[in-house]
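Data file: protein.txt. Format and content: compact mmCIF, C-alpha atoms.
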# COMPACT_ATOMS: atom_id res chain seq x y z
CA MET A 927 116.61 97.59 146.49
CA PHE A 928 113.06 97.82 145.21
CA GLU A 929 113.71 101.54 144.73
CA GLN A 930 115.95 100.61 141.78
CA ILE A 931 112.90 99.80 139.67
CA LYS A 932 111.37 103.18 140.50
CA GLU A 933 114.49 104.89 139.20
CA PHE A 934 113.93 103.32 135.79
CA ILE A 935 110.20 103.92 135.33
CA ASN A 936 110.63 107.64 134.65
CA PRO A 937 109.69 108.01 130.96
CA SER A 938 112.52 110.47 130.45
CA LYS A 939 115.06 107.78 131.29
CA ASN A 940 116.19 105.21 128.77
CA PRO A 941 118.50 102.68 130.45
CA ASP A 942 121.20 101.12 128.29
CA LEU A 943 120.24 97.47 127.95
CA SER A 944 122.59 96.69 125.06
CA GLN A 945 124.81 94.41 127.16
CA ALA A 946 121.84 92.44 128.47
CA GLN A 947 120.38 92.14 124.96
CA GLN A 948 123.70 90.92 123.60
CA VAL A 949 123.90 88.23 126.27
CA GLN A 950 120.27 87.26 125.65
CA HIS A 951 120.97 86.81 121.93
CA GLU A 952 123.94 84.60 122.76
CA TYR A 953 121.93 82.37 125.08
CA LEU A 954 118.75 82.00 123.04
CA PRO A 955 117.10 78.59 123.65
CA THR A 956 118.11 76.65 120.56
CA LEU A 957 116.81 73.59 118.71
CA TRP A 958 119.44 72.01 116.48
CA LEU A 959 117.84 70.38 113.43
CA LEU A 960 119.49 67.42 111.72
CA GLY A 961 118.18 65.75 108.61
CA LYS A 962 118.75 65.21 104.93
CA THR A 963 117.50 67.74 102.41
CA GLY A 964 113.75 67.24 101.95
CA ALA A 965 113.24 65.47 105.27
CA GLY A 966 110.84 68.17 106.49
CA LYS A 967 112.92 70.48 108.67
CA SER A 968 111.43 73.67 107.24
CA SER A 969 107.95 72.17 107.51
CA PHE A 970 108.70 71.40 111.15
CA ILE A 971 109.52 75.07 111.78
CA GLN A 972 106.35 76.13 109.99
CA ALA A 973 104.27 73.78 112.16
CA LEU A 974 105.67 75.28 115.38
CA THR A 975 105.72 78.95 114.39
CA GLY A 976 102.64 79.18 112.17
CA LEU A 977 104.69 80.96 109.51
CA SER A 978 104.51 80.34 105.77
CA SER A 979 107.14 78.49 103.76
CA ILE A 980 108.22 81.80 102.22
CA GLU A 981 108.66 83.45 105.63
CA VAL A 982 110.69 80.51 106.92
CA GLY A 983 112.73 80.24 103.73
CA ASN A 984 113.64 83.92 103.81
CA GLY A 985 114.39 83.94 107.54
CA PHE A 986 117.48 81.74 107.67
CA GLU A 987 120.85 83.42 108.05
CA PRO A 988 124.29 81.76 107.80
CA CYS A 989 126.22 81.11 111.00
CA THR A 990 129.03 78.92 109.57
CA MET A 991 130.06 77.93 106.05
CA THR A 992 127.06 75.62 105.64
CA ALA A 993 124.99 75.87 108.81
CA GLN A 994 122.19 78.43 109.15
CA VAL A 995 120.08 79.87 111.96
CA TYR A 996 116.49 81.03 112.14
CA ASP A 997 115.54 83.29 115.05
CA PHE A 998 111.87 83.37 116.10
CA PRO A 999 110.30 85.85 116.13
CA GLN A 1000 112.80 87.62 113.89
CA GLN A 1001 112.23 90.84 115.82
CA LYS A 1002 112.96 90.32 119.53
CA ALA A 1003 113.68 86.60 119.17
CA VAL A 1004 112.89 84.25 122.06
CA MET A 1005 114.20 81.01 120.52
CA ARG A 1006 116.38 79.80 117.67
CA PHE A 1007 116.41 76.99 115.13
CA LEU A 1008 119.83 75.86 113.94
CA ASP A 1009 120.08 73.83 110.74
CA THR A 1010 123.14 71.96 109.50
CA ARG A 1011 122.57 72.03 105.75
CA GLY A 1012 123.92 69.64 103.16
CA LEU A 1013 124.04 66.39 105.16
CA GLY A 1014 124.38 63.54 102.69
CA GLU A 1015 125.50 65.76 99.81
CA ALA A 1016 128.68 64.96 97.90
CA ASP A 1017 131.91 66.73 98.88
CA TYR A 1018 130.46 68.06 102.13
CA ASP A 1019 132.19 67.31 105.42
CA ALA A 1020 130.13 68.56 108.35
CA SER A 1021 132.79 67.85 110.98
CA GLU A 1022 133.96 71.43 111.52
CA ASP A 1023 130.43 72.82 111.55
CA ILE A 1024 129.31 70.21 114.05
CA LYS A 1025 132.28 70.90 116.30
CA GLU A 1026 131.53 74.62 116.29
CA ILE A 1027 127.75 74.56 116.75
CA SER A 1028 127.78 71.78 119.35
CA LYS A 1029 128.45 74.65 121.75
CA SER A 1030 125.21 76.40 120.78
CA GLY A 1031 122.35 73.91 120.77
CA ASN A 1032 120.17 73.03 123.75
CA ALA A 1033 118.57 69.96 122.18
CA ILE A 1034 118.59 68.06 118.88
CA VAL A 1035 115.64 67.32 116.63
CA VAL A 1036 116.42 64.64 114.03
CA VAL A 1037 114.00 64.55 111.09
CA MET A 1038 113.94 61.35 109.01
CA LYS A 1039 111.51 60.52 106.23
CA VAL A 1040 110.07 57.21 107.26
CA ASP A 1041 110.71 55.56 103.88
CA GLU A 1042 114.39 56.59 103.65
CA PRO A 1043 116.53 54.01 105.47
CA GLU A 1044 119.80 55.44 104.10
CA GLN A 1045 120.71 57.91 106.85
CA SER A 1046 124.48 57.45 107.13
CA ALA A 1047 125.31 61.18 107.00
CA VAL A 1048 122.82 62.00 109.78
CA LEU A 1049 124.01 59.07 111.88
CA ASP A 1050 127.66 60.09 111.47
CA ALA A 1051 126.73 63.60 112.61
CA LEU A 1052 125.00 62.19 115.69
CA LYS A 1053 128.10 60.22 116.62
CA GLN A 1054 130.21 63.37 116.43
CA ILE A 1055 127.72 65.34 118.51
CA LYS A 1056 127.64 62.59 121.12
CA LYS A 1057 131.43 62.86 121.51
CA SER A 1058 131.15 66.57 122.32
CA LYS A 1059 129.06 65.73 125.44
CA ASN A 1060 127.42 69.17 125.24
CA ILE A 1061 123.89 68.06 124.33
CA GLU A 1062 121.76 65.54 126.21
CA HIS A 1063 118.28 65.70 124.70
CA LEU A 1064 117.20 64.29 121.35
CA LEU A 1065 113.83 63.97 119.65
CA LEU A 1066 113.47 61.79 116.56
CA ILE A 1067 110.74 62.84 114.12
CA HIS A 1068 109.54 60.28 111.59
CA SER A 1069 108.12 62.39 108.77
CA ALA A 1070 105.87 61.61 105.78
CA VAL A 1071 104.39 58.64 107.62
CA LEU A 1072 101.07 58.73 105.73
CA LEU A 1073 102.80 57.88 102.45
CA THR A 1074 103.22 54.24 103.50
CA ASN A 1075 100.76 51.63 104.73
CA GLU A 1076 100.60 50.90 108.45
CA ALA A 1077 102.53 47.63 108.37
CA GLY A 1078 105.36 49.06 106.29
CA ARG A 1079 105.39 52.21 108.37
CA GLU A 1080 105.92 50.34 111.65
CA ARG A 1081 108.77 48.33 110.16
CA GLN A 1082 110.49 51.42 108.79
CA ILE A 1083 110.05 53.35 112.05
CA ALA A 1084 111.58 50.49 114.02
CA PHE A 1085 114.56 50.34 111.65
CA ASN A 1086 115.27 54.08 111.81
CA GLU A 1087 114.95 54.10 115.60
CA MET A 1088 117.42 51.22 115.81
CA GLN A 1089 119.90 53.18 113.70
CA VAL A 1090 119.59 56.28 115.89
CA ARG A 1091 119.83 54.23 119.07
CA GLU A 1092 123.10 52.65 117.92
CA SER A 1093 124.59 56.03 116.98
CA TRP A 1094 123.30 58.11 119.89
CA GLY A 1095 123.65 55.53 122.67
CA LYS A 1096 121.31 57.40 125.03
CA PRO A 1097 117.53 57.40 125.60
CA PHE A 1098 115.43 59.56 123.28
CA ASN A 1099 111.77 60.10 122.40
CA SER A 1100 110.23 59.86 118.96
CA VAL A 1101 107.05 60.99 117.21
CA SER A 1102 105.49 60.09 113.86
CA VAL A 1103 104.13 63.01 111.83
CA ASP A 1104 103.13 64.05 108.35
CA PHE A 1105 103.42 67.73 107.46
CA GLU A 1106 101.20 67.28 104.39
CA ALA A 1107 98.14 65.50 105.76
CA ALA A 1108 95.21 65.18 103.37
CA GLU A 1109 93.03 67.63 105.32
CA GLY A 1110 95.70 70.30 105.08
CA GLY A 1111 96.93 70.10 108.66
CA VAL A 1112 99.78 68.29 110.37
CA TYR A 1113 99.22 64.67 111.35
CA ASN A 1114 99.92 64.24 115.09
CA GLU A 1115 100.51 67.99 115.51
CA GLN A 1116 99.59 68.14 119.21
CA LEU A 1117 101.77 65.14 120.01
CA LEU A 1118 104.63 66.79 118.12
CA ILE A 1119 104.25 70.00 120.12
CA SER A 1120 104.07 68.05 123.36
CA GLU A 1121 107.30 66.18 122.62
CA VAL A 1122 109.21 69.28 121.52
CA THR A 1123 108.06 71.14 124.65
CA LYS A 1124 109.68 68.43 126.77
CA ILE A 1125 113.12 69.29 125.38
CA LEU A 1126 112.56 73.05 124.96
CA PRO A 1127 110.00 74.14 127.59
CA ILE A 1128 109.66 77.75 126.41
CA LEU A 1129 107.81 76.42 123.39
CA GLY A 1130 104.92 75.57 125.69
CA LEU A 1131 104.22 79.27 126.18
CA LEU A 1132 104.64 80.09 122.50
CA VAL A 1133 102.13 77.55 121.21
CA GLU A 1134 99.76 76.96 124.14
CA ASP A 1135 96.08 76.65 123.21
CA LYS A 1136 94.54 80.10 122.87
CA ALA A 1137 91.22 79.04 121.36
CA HIS A 1138 89.22 79.74 124.52
CA SER A 1139 90.73 83.13 125.37
CA ASP A 1140 88.53 86.00 126.55
CA ILE A 1141 89.16 89.51 125.25
CA GLU A 1142 91.81 90.31 127.86
CA ASN A 1143 93.65 87.06 127.15
CA ALA A 1144 93.43 87.72 123.43
CA ASN A 1145 95.08 91.10 123.99
CA PHE A 1146 97.85 89.48 126.01
CA ASN A 1147 98.41 86.93 123.24
CA GLN A 1148 99.29 89.82 120.95
CA VAL A 1149 102.16 90.97 123.17
CA GLN A 1150 103.23 87.69 124.75
CA LYS A 1151 106.26 87.22 122.50
CA GLU A 1152 107.51 90.64 123.61
CA VAL A 1153 107.05 89.67 127.27
CA LEU A 1154 108.98 86.45 126.59
CA TRP A 1155 111.76 88.43 124.94
CA TYR A 1156 112.15 90.64 128.00
CA SER A 1157 112.00 87.53 130.20
CA GLY A 1158 114.79 85.92 128.20
CA SER A 1159 116.87 89.08 128.41
CA ALA A 1160 116.47 89.19 132.19
CA ALA A 1161 117.39 85.51 132.50
CA ALA A 1162 120.47 85.77 130.29
CA SER A 1163 121.79 88.84 132.08
CA ASP A 1164 121.35 87.09 135.43
CA LEU A 1165 123.76 84.35 134.37
CA ILE A 1166 126.59 86.85 134.91
CA PRO A 1167 127.71 87.59 138.51
CA GLY A 1168 126.83 91.13 139.57
CA LEU A 1169 125.11 92.10 136.33
CA GLY A 1170 121.59 90.95 137.21
CA LEU A 1171 121.29 93.22 140.24
CA VAL A 1172 121.21 96.21 137.89
CA THR A 1173 119.92 94.81 134.61
CA VAL A 1174 116.99 92.69 135.82
CA PRO A 1175 115.09 95.63 137.39
CA ALA A 1176 115.99 97.79 134.38
CA ILE A 1177 114.72 95.20 131.90
CA GLN A 1178 111.51 94.66 133.84
CA ALA A 1179 110.90 98.39 134.11
CA LYS A 1180 111.55 98.86 130.41
CA MET A 1181 109.05 96.08 129.69
CA LEU A 1182 106.39 97.64 131.92
CA HIS A 1183 106.89 101.02 130.28
CA SER A 1184 106.54 99.48 126.80
CA LEU A 1185 103.44 97.49 127.72
CA ALA A 1186 101.77 100.52 129.29
CA ASN A 1187 102.30 102.46 126.07
CA GLN A 1188 100.78 99.67 123.99
CA TYR A 1189 97.67 99.64 126.18
CA GLY A 1190 97.43 103.43 126.11
CA VAL A 1191 98.12 103.84 129.83
CA MET A 1192 100.27 106.66 131.21
CA TRP A 1193 103.31 105.06 132.84
CA ASN A 1194 104.42 107.00 135.90
CA LYS A 1195 105.15 106.44 139.58
CA ARG A 1196 101.49 106.51 140.49
CA THR A 1197 100.65 103.78 137.97
CA PHE A 1198 103.66 101.77 139.12
CA THR A 1199 102.59 102.05 142.77
CA GLU A 1200 99.03 101.00 141.93
CA LEU A 1201 100.24 98.02 139.94
CA THR A 1202 102.64 96.69 142.58
CA GLY A 1203 100.16 97.50 145.35
CA SER A 1204 97.60 95.25 143.68
CA LEU A 1205 100.06 92.37 144.07
CA GLY A 1206 99.97 92.60 147.85
CA SER A 1207 101.87 94.40 150.56
CA SER A 1208 104.62 91.79 150.74
CA PHE A 1209 105.42 91.79 147.01
CA ALA A 1210 108.07 94.55 147.10
CA LEU A 1211 109.83 93.02 150.11
CA GLN A 1212 109.86 89.52 148.64
CA TYR A 1213 111.01 90.79 145.27
CA SER A 1214 113.95 92.70 146.75
CA ALA A 1215 115.01 89.92 149.10
CA LYS A 1216 114.93 87.23 146.42
CA LEU A 1217 116.77 89.32 143.84
CA GLY A 1218 119.50 90.14 146.35
CA ALA A 1219 119.80 86.54 147.49
CA ARG A 1220 120.21 85.34 143.90
CA GLN A 1221 123.10 87.77 143.34
CA LEU A 1222 124.85 86.65 146.53
CA ILE A 1223 124.54 82.98 145.60
CA LYS A 1224 126.26 83.65 142.28
CA LEU A 1225 129.33 84.88 144.16
CA ILE A 1226 129.93 81.44 145.70
CA PRO A 1227 132.97 79.90 143.95
CA VAL A 1228 132.18 77.17 141.39
CA TYR A 1229 128.61 76.53 142.63
CA GLY A 1230 127.61 80.15 142.12
CA GLN A 1231 128.89 80.28 138.55
CA THR A 1232 127.11 77.05 137.57
CA ILE A 1233 124.05 75.87 139.48
CA GLY A 1234 123.58 79.19 141.27
CA ALA A 1235 123.71 81.22 138.06
CA ALA A 1236 121.30 78.85 136.29
CA ALA A 1237 118.83 79.03 139.17
CA ALA A 1238 119.06 82.84 139.25
CA ALA A 1239 118.46 83.03 135.51
CA SER A 1240 115.42 80.75 135.72
CA MET A 1241 113.89 82.80 138.53
CA SER A 1242 114.51 86.09 136.73
CA PHE A 1243 112.80 84.68 133.65
CA ALA A 1244 109.82 83.58 135.74
CA THR A 1245 109.42 86.84 137.69
CA THR A 1246 109.71 88.92 134.52
CA TYR A 1247 107.11 86.79 132.75
CA GLY A 1248 104.85 86.98 135.81
CA LEU A 1249 105.16 90.77 135.97
CA GLY A 1250 104.51 91.08 132.26
CA ARG A 1251 101.41 88.92 132.40
CA VAL A 1252 99.84 90.65 135.40
CA ALA A 1253 100.76 94.09 134.04
CA CYS A 1254 98.87 93.37 130.83
CA TYR A 1255 95.80 92.42 132.85
CA TYR A 1256 96.13 95.60 134.92
CA PHE A 1257 96.72 97.87 131.91
CA TYR A 1258 93.81 96.36 129.98
CA HIS A 1259 91.26 97.01 132.73
CA LYS A 1260 92.74 100.40 133.59
CA SER A 1261 92.48 101.48 129.95
CA LYS A 1262 88.80 100.49 130.01
CA GLY A 1263 88.15 102.28 133.31
CA GLU A 1264 87.11 98.95 134.83
CA PRO A 1265 87.67 97.86 138.47
CA ILE A 1266 90.73 95.71 139.15
CA SER A 1267 90.50 92.82 141.60
CA GLU A 1268 93.59 92.45 143.78
CA GLN A 1269 92.80 88.78 144.34
CA VAL A 1270 92.63 88.13 140.59
CA MET A 1271 95.90 90.02 140.15
CA GLN A 1272 97.66 87.96 142.80
CA ASP A 1273 96.29 84.65 141.50
CA LEU A 1274 97.24 85.59 137.94
CA TYR A 1275 100.77 86.47 139.01
CA LYS A 1276 101.23 83.18 140.86
CA ASN A 1277 99.97 81.21 137.88
CA ALA A 1278 102.17 83.11 135.43
CA LEU A 1279 105.17 82.70 137.75
CA LYS A 1280 104.58 78.94 137.74
CA LYS A 1281 104.39 78.89 133.94
CA GLY A 1282 107.53 81.00 133.73
CA LYS A 1283 109.46 78.61 135.95
CA ALA A 1284 108.44 75.69 133.74
CA ALA A 1285 109.40 77.58 130.58
CA ALA A 1286 112.78 78.59 132.02
CA GLY A 1287 114.07 75.03 131.91
CA TYR A 1288 116.20 75.81 128.89
CA GLU A 1289 119.53 76.58 130.54
CA LYS A 1290 122.45 74.73 129.05
CA ASN A 1291 123.51 71.42 130.52
Let's see the structure in the file written out as structure tokens.
Amino acid sequence: MFEQIKEFINPSKNPDLSQAQQVQHEYLPTLWLLGKTGAGKSSFIQALTGLSSIEVGNGFEPCTMTAQVYDFPQQKAVMRFLDTRGLGEADYDASEDIKEISKSGNAIVVVMKVDEPEQSAVLDALKQIKKSKNIEHLLLIHSAVLLTNEAGRERQIAFNEMQVRESWGKPFNSVSVDFEAAEGGVYNEQLLISEVTKILPILGLLVEDKAHSDIENANFNQVQKEVLWYSGSAAASDLIPGLGLVTVPAIQAKMLHSLANQYGVMWNKRTFTELTGSLGSSFALQYSAKLGARQLIKLIPVYGQTIGAAAAASMSFATTYGLGRVACYYFYHKSKGEPISEQVMQDLYKNALKKGKAAAGYEKN
């Protein structure tokens, strides 16, 4: 089975990944944003993506009559923000939109300005979403908290949390932020990122601290979103029985070919053999056995199409991310003519595999 990857690394071949990419786009990890106009939803996206207000404003595209989506990054997206616009506006009934997009979100982020107790439209939307039983996780963001004194702030936070609790009826976490802190940053930014990562784990890889990166890590940071895109494509294609056996090796090989080109390394069978050889003699055997086992599990009636498919998708995400990370390390040092430590390669792969498994916790409930 491992020979299937070798068939795809020939630069003259260009495997058709359109079906896998279509599935990946359909299953993008999605945060559904709820909040009145001006609550801070766009500022929330800016805080997570590092983009400007203009970039965020121009990036939304309609998905229903009034709801809009923002894919990030816009080229080779790895996650999606979904915004139900117009809540609280006159003559707008969100019922049909909510019914339709309840099928798409993985988790809900509710943004409420701390000094706005009138939230009936948002609370009505939450009640409708709860009835759909498609979404379990909710994070409540209290925004603009620095505009009120501490005593008033605590009282207002408690009141808004009580309203959400009564409408949602299930446990949820909350965080207090201000997207316009005096020093120009975001008040409680790290706590915000930590809470969002709990409900959408892939975000942890997108925004992890890169301040202490060495040169090789800095190079990887430049291509990490592409690696995550390939990882998401592999995971989504492995949700479908029989498809992953062909598409996962093809996607991984396409990724390796692309990364090699970006590092200026000739991608051929010799390079491929050197790369996989650095991961240890048992890597090819383990890879083949685990990929085959995942495909067989998906054929089990009921279990295979639910839990089995989700587990296969998560593992394909993790192995693709691990391969992408270790390949970047290998290509960087090869391009510099520097020695490559097999032990470092193997440790790096194991660490990246662990991170990939954690980030793959986005599959739909």
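Nearest residue to A:Val1174, choosing from A:Leu1064, A:Ala946, A:Val995, A:Ala1051 and counting all atoms listed in the file: A:Ala946.
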Neighbours of A:Phe1085 within 12 Å (only C-alpha atoms; same-chain residues fewer than 4 positions away dropped), as number ranges by chain?
A: 1038-1045, 1068, 1078-1081, 1089-1092
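Nearest to A:His1259 of all the residues A:Thr1199, A:Gln1272, A:Asn1086, A:Asn1145 is A:Asn1145, based on all atoms listed in the file.
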Work out how far atom CA of A:Glu987 is from atom CA of A:Val1035, in Å to one decimal.
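Computing it gives 19.0 Å between the two atoms.
Atom CA of A:Phe1105 to atom CA of A:Asn984 spans 19.5 Å [interatomic distance, one decimal].
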So, counting all atoms listed in the file, which residue among A:Val1037, A:Ala1003, A:Leu1165, A:Ala1070 is closest to A:Lys962?
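For A:Lys962, the nearest of the candidates is A:Val1037.
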